[in-house]
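The structure appears below as structure tokens.
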Amino acid sequence: MTAGTASAPTLVAVAHGSPDPRAQHAVRALVRLVGALRPGLRVELGYLETDRPLLRDTLAGLSGTAVLVPLLFSRGYHVKHDLPAVLAAARAAGRLDAVTAACLGPHPLLAEVLHQRLLEAGYRRGSPVVLAAAGSLDPESAAGTRHTADLLSTRLGGVPVLPGYASAAQPTVPEAVAALRADRHPAAHIAVASCFVAPGLFATRCAEAAPGVVSAPLGAHPILARLLLHRYDQARGIPTPRPSHVRRPLEAVR
């Protein structure tokens, strides 16, 4: 059985949910792109809160096998508690055999799509970057965000990249900007890389704090869609070679 056959487990993209109507549009566009990249694969969507369909309702409509892929960038409360609770209830119903894939970050593909969005926003080569993320009280989540910042720094040729958070954790985006200015970069054109799937309160808050270039949320980007499929294949135990479109870190940023 290959990764793209109709008999493969259903891929369930698990999003957080947002009261911002733009968020659902962006998430649904990403899910459609995932399906287009893997013809024959059933791809569904479920939200942890706010938006519909809720994940529990999506799982209630499935039978057989499924792989849940969190549209989240580090292992915080939602990955460790909310998602397992919904999955346990679905398993108890006895109709679904499902596993959960790793969250989207940290991963070199995530660093690549963050880089691409920065370039689209007008990023100046060599500029320090604040990696804007949602934030979490979970130390593992913070460690994952720092790892993603390190990967993005390598992708950009070694420029400083500091995490900045919208809530729950420090530093905030303004604090991260101030730290970069204080650390031998007082006149630098500091950019903000938005580590969010879709527009919403946190993405807007971070963008408003940006001193200059700020990238758009990742949205329906082909590299992000490939990362979802990579996590899906990993959860199934399918070998996934390093994609050829990810450029080497030492290439010049143009």
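Ligands are numbered from 1 in the order shown, residues from 1 within each chain, and chains are lettered A, B, ... in the order they appear in the structure tokens.
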Determine, for each residue of stretch 114-186 of chain A having at least one atom at most 8 Å from an atom of stretch 209-228 of chain A, the closest pair of atoms and their separation in Å to one decimal, counting only C-alpha atoms; order by chain and ascending number, as a tab-separated table.
```
residue	atom	partner	partner_atom	distance
A:Leu114	CA	A:Leu218	CA	7.1
A:Arg117	CA	A:Ser215	CA	5.4
A:Leu118	CA	A:Ser215	CA	5.0
A:Glu120	CA	A:Ser215	CA	7.3
A:Ala121	CA	A:Ser215	CA	5.2
A:Gly122	CA	A:Val213	CA	6.6
A:Tyr123	CA	A:Val213	CA	6.3
A:Val173	CA	A:Ala209	CA	6.5
A:Pro174	CA	A:Ala209	CA	6.0
A:Val177	CA	A:Pro211	CA	7.9
```
Kindly export the residues of the current selection with N, CA and C atoms, as a tab-separated table (two decimals), in the first residue's frame.
```tsv
chain	number	residue	atom	x	y	z
A	114	LEU	N	8.88	29.54	6.85
A	114	LEU	CA	9.04	30.83	7.53
A	114	LEU	C	9.96	31.75	6.72
A	117	ARG	N	8.09	33.11	3.62
A	117	ARG	CA	7.16	34.19	3.96
A	117	ARG	C	7.91	35.49	4.29
A	118	LEU	N	9.08	35.38	4.92
A	118	LEU	CA	9.87	36.58	5.17
A	118	LEU	C	10.31	37.23	3.86
A	120	GLU	N	8.86	37.06	0.99
A	120	GLU	CA	7.68	37.67	0.36
A	120	GLU	C	7.34	39.02	0.98
A	121	ALA	N	7.65	39.17	2.27
A	121	ALA	CA	7.34	40.42	2.97
A	121	ALA	C	8.40	41.50	2.76
A	122	GLY	N	9.50	41.16	2.08
A	122	GLY	CA	10.55	42.14	1.82
A	122	GLY	C	11.72	42.07	2.77
A	123	TYR	N	11.98	40.90	3.32
A	123	TYR	CA	13.08	40.72	4.27
A	123	TYR	C	14.42	41.15	3.65
A	173	VAL	N	7.00	40.01	21.91
A	173	VAL	CA	7.65	40.47	20.67
A	173	VAL	C	8.36	41.81	20.90
A	174	PRO	N	7.74	42.82	21.55
A	174	PRO	CA	8.49	44.06	21.80
A	174	PRO	C	9.73	43.83	22.66
A	177	VAL	N	12.41	42.34	20.40
A	177	VAL	CA	12.97	43.40	19.55
A	177	VAL	C	13.96	44.24	20.34
```
**Request:** Could you give me the residues within stretch 81-223 of chain A that DSSP places in strand (DSSP E), as a ChimeraX atom specification?
**Result:** /A:96-100,129-133,161-165,191-194
**Message:** Would you pick out the contacts of stretch 65-77 of chain A at 7 Å or less, using only C-alpha atoms, so that residues sharing its chain but fewer than 3 positions from it are not included, and give the list as a PyMOL selection string?
**Reply:** chain A and resi 9-15+80-82+96-106+136+138+140-141+144-145+228+231-232
**Prompt:** From the set A:Ala90, A:Leu151, A:Ala29, A:Ala191, which residue has the shortest atom-to-atom contact distance to A:Gly64, counting only C-alpha atoms?
**Reply:**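 Nearest to A:Gly64: A:Ala90.
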DSSP-assigned alpha helix (DSSP H) among stretch 115-182 of chain A, expressed as a short mmCIF file (atom, residue, chain, number, x, y, z; two decimals) with N, CA and C atoms, in the first residue's frame:
```cif
data_model
loop_
_atom_site.label_atom_id
_atom_site.label_comp_id
_atom_site.auth_asym_id
_atom_site.auth_seq_id
_atom_site.Cartn_x
_atom_site.Cartn_y
_atom_site.Cartn_z
N HIS A 115 11.04 31.18 6.21
CA HIS A 115 11.97 31.94 5.37
C HIS A 115 11.28 32.48 4.12
N GLN A 116 10.50 31.64 3.47
CA GLN A 116 9.80 32.06 2.25
C GLN A 116 8.83 33.21 2.53
N ARG A 117 8.09 33.11 3.62
CA ARG A 117 7.16 34.19 3.96
C ARG A 117 7.91 35.49 4.29
N LEU A 118 9.08 35.38 4.92
CA LEU A 118 9.87 36.58 5.17
C LEU A 118 10.31 37.23 3.86
N LEU A 119 10.77 36.43 2.92
CA LEU A 119 11.20 36.98 1.63
C LEU A 119 10.04 37.67 0.92
N GLU A 120 8.86 37.06 0.99
CA GLU A 120 7.68 37.67 0.36
C GLU A 120 7.34 39.02 0.98
N PRO A 139 7.29 24.14 29.42
CA PRO A 139 8.71 24.29 29.04
C PRO A 139 9.06 23.57 27.75
N GLU A 140 8.43 22.43 27.47
CA GLU A 140 8.73 21.71 26.23
C GLU A 140 8.29 22.51 25.02
N SER A 141 7.17 23.22 25.14
CA SER A 141 6.71 24.07 24.05
C SER A 141 7.72 25.19 23.79
N ALA A 142 8.20 25.82 24.86
CA ALA A 142 9.20 26.89 24.69
C ALA A 142 10.48 26.36 24.07
N ALA A 143 10.89 25.16 24.48
CA ALA A 143 12.09 24.56 23.89
C ALA A 143 11.91 24.30 22.41
N GLY A 144 10.72 23.85 22.03
CA GLY A 144 10.45 23.61 20.61
C GLY A 144 10.50 24.90 19.80
N THR A 145 9.97 25.98 20.36
CA THR A 145 10.02 27.26 19.66
C THR A 145 11.45 27.76 19.52
N ARG A 146 12.25 27.58 20.57
CA ARG A 146 13.67 27.98 20.48
C ARG A 146 14.40 27.16 19.42
N HIS A 147 14.06 25.87 19.32
CA HIS A 147 14.68 25.03 18.28
C HIS A 147 14.29 25.54 16.89
N THR A 148 13.02 25.88 16.71
CA THR A 148 12.60 26.44 15.42
C THR A 148 13.34 27.73 15.12
N ALA A 149 13.53 28.58 16.13
CA ALA A 149 14.30 29.82 15.94
C ALA A 149 15.72 29.51 15.50
N ASP A 150 16.33 28.49 16.11
CA ASP A 150 17.68 28.10 15.72
C ASP A 150 17.73 27.60 14.27
N LEU A 151 16.73 26.82 13.88
CA LEU A 151 16.67 26.32 12.51
C LEU A 151 16.50 27.47 11.51
N LEU A 152 15.67 28.45 11.87
CA LEU A 152 15.48 29.60 10.99
C LEU A 152 16.76 30.42 10.91
N SER A 153 17.46 30.57 12.04
CA SER A 153 18.73 31.28 12.03
C SER A 153 19.72 30.61 11.07
N THR A 154 19.82 29.30 11.15
CA THR A 154 20.70 28.56 10.23
C THR A 154 20.26 28.77 8.80
N ARG A 155 18.95 28.74 8.57
CA ARG A 155 18.42 28.91 7.21
C ARG A 155 18.77 30.29 6.65
N VAL A 173 7.00 40.01 21.91
CA VAL A 173 7.65 40.47 20.67
C VAL A 173 8.36 41.81 20.90
N PRO A 174 7.74 42.82 21.55
CA PRO A 174 8.49 44.06 21.80
C PRO A 174 9.73 43.83 22.66
N GLU A 175 9.65 42.93 23.62
CA GLU A 175 10.82 42.65 24.45
C GLU A 175 11.93 41.98 23.65
N ALA A 176 11.55 41.07 22.74
CA ALA A 176 12.55 40.42 21.89
C ALA A 176 13.20 41.42 20.94
N VAL A 177 12.41 42.34 20.40
CA VAL A 177 12.97 43.40 19.55
C VAL A 177 13.96 44.24 20.34
N ALA A 178 13.59 44.61 21.56
CA ALA A 178 14.48 45.42 22.39
C ALA A 178 15.77 44.67 22.72
N ALA A 179 15.65 43.36 22.96
CA ALA A 179 16.84 42.57 23.25
C ALA A 179 17.79 42.53 22.06
N LEU A 180 17.25 42.40 20.85
CA LEU A 180 18.09 42.40 19.66
C LEU A 180 18.77 43.75 19.47
N ARG A 181 18.05 44.84 19.73
CA ARG A 181 18.65 46.16 19.59
C ARG A 181 19.76 46.37 20.61
N ALA A 182 19.56 45.83 21.80
CA ALA A 182 20.56 46.00 22.85
C ALA A 182 21.80 45.13 22.62
#
```
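For the pair atom CA of A:Glu44 and atom CA of A:Pro239, the separation is 23.0 Å.
The nearest approach to A:Leu137 among the residues A:Val192, A:Tyr165, A:Arg28, A:Leu229, with only C-alpha atoms taken into account, belongs to A:Tyr165.
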**Prompt:** Using only C-alpha atoms, which of the listed residues (A:Val79, A:Ala26, A:Leu131, A:Val31) sits closest to A:Thr172?
**Reply:**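 Looking only at the distances to A:Thr172, the closest residue turns out to be A:Leu131.
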**Request:** Please indicate the distance in Å from atom CA of A:Val27 to atom CA of A:Pro39, rounded to one decimal place.
**Result:**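 Between atom CA of A:Val27 and atom CA of A:Pro39 the gap works out to 18.7 Å.
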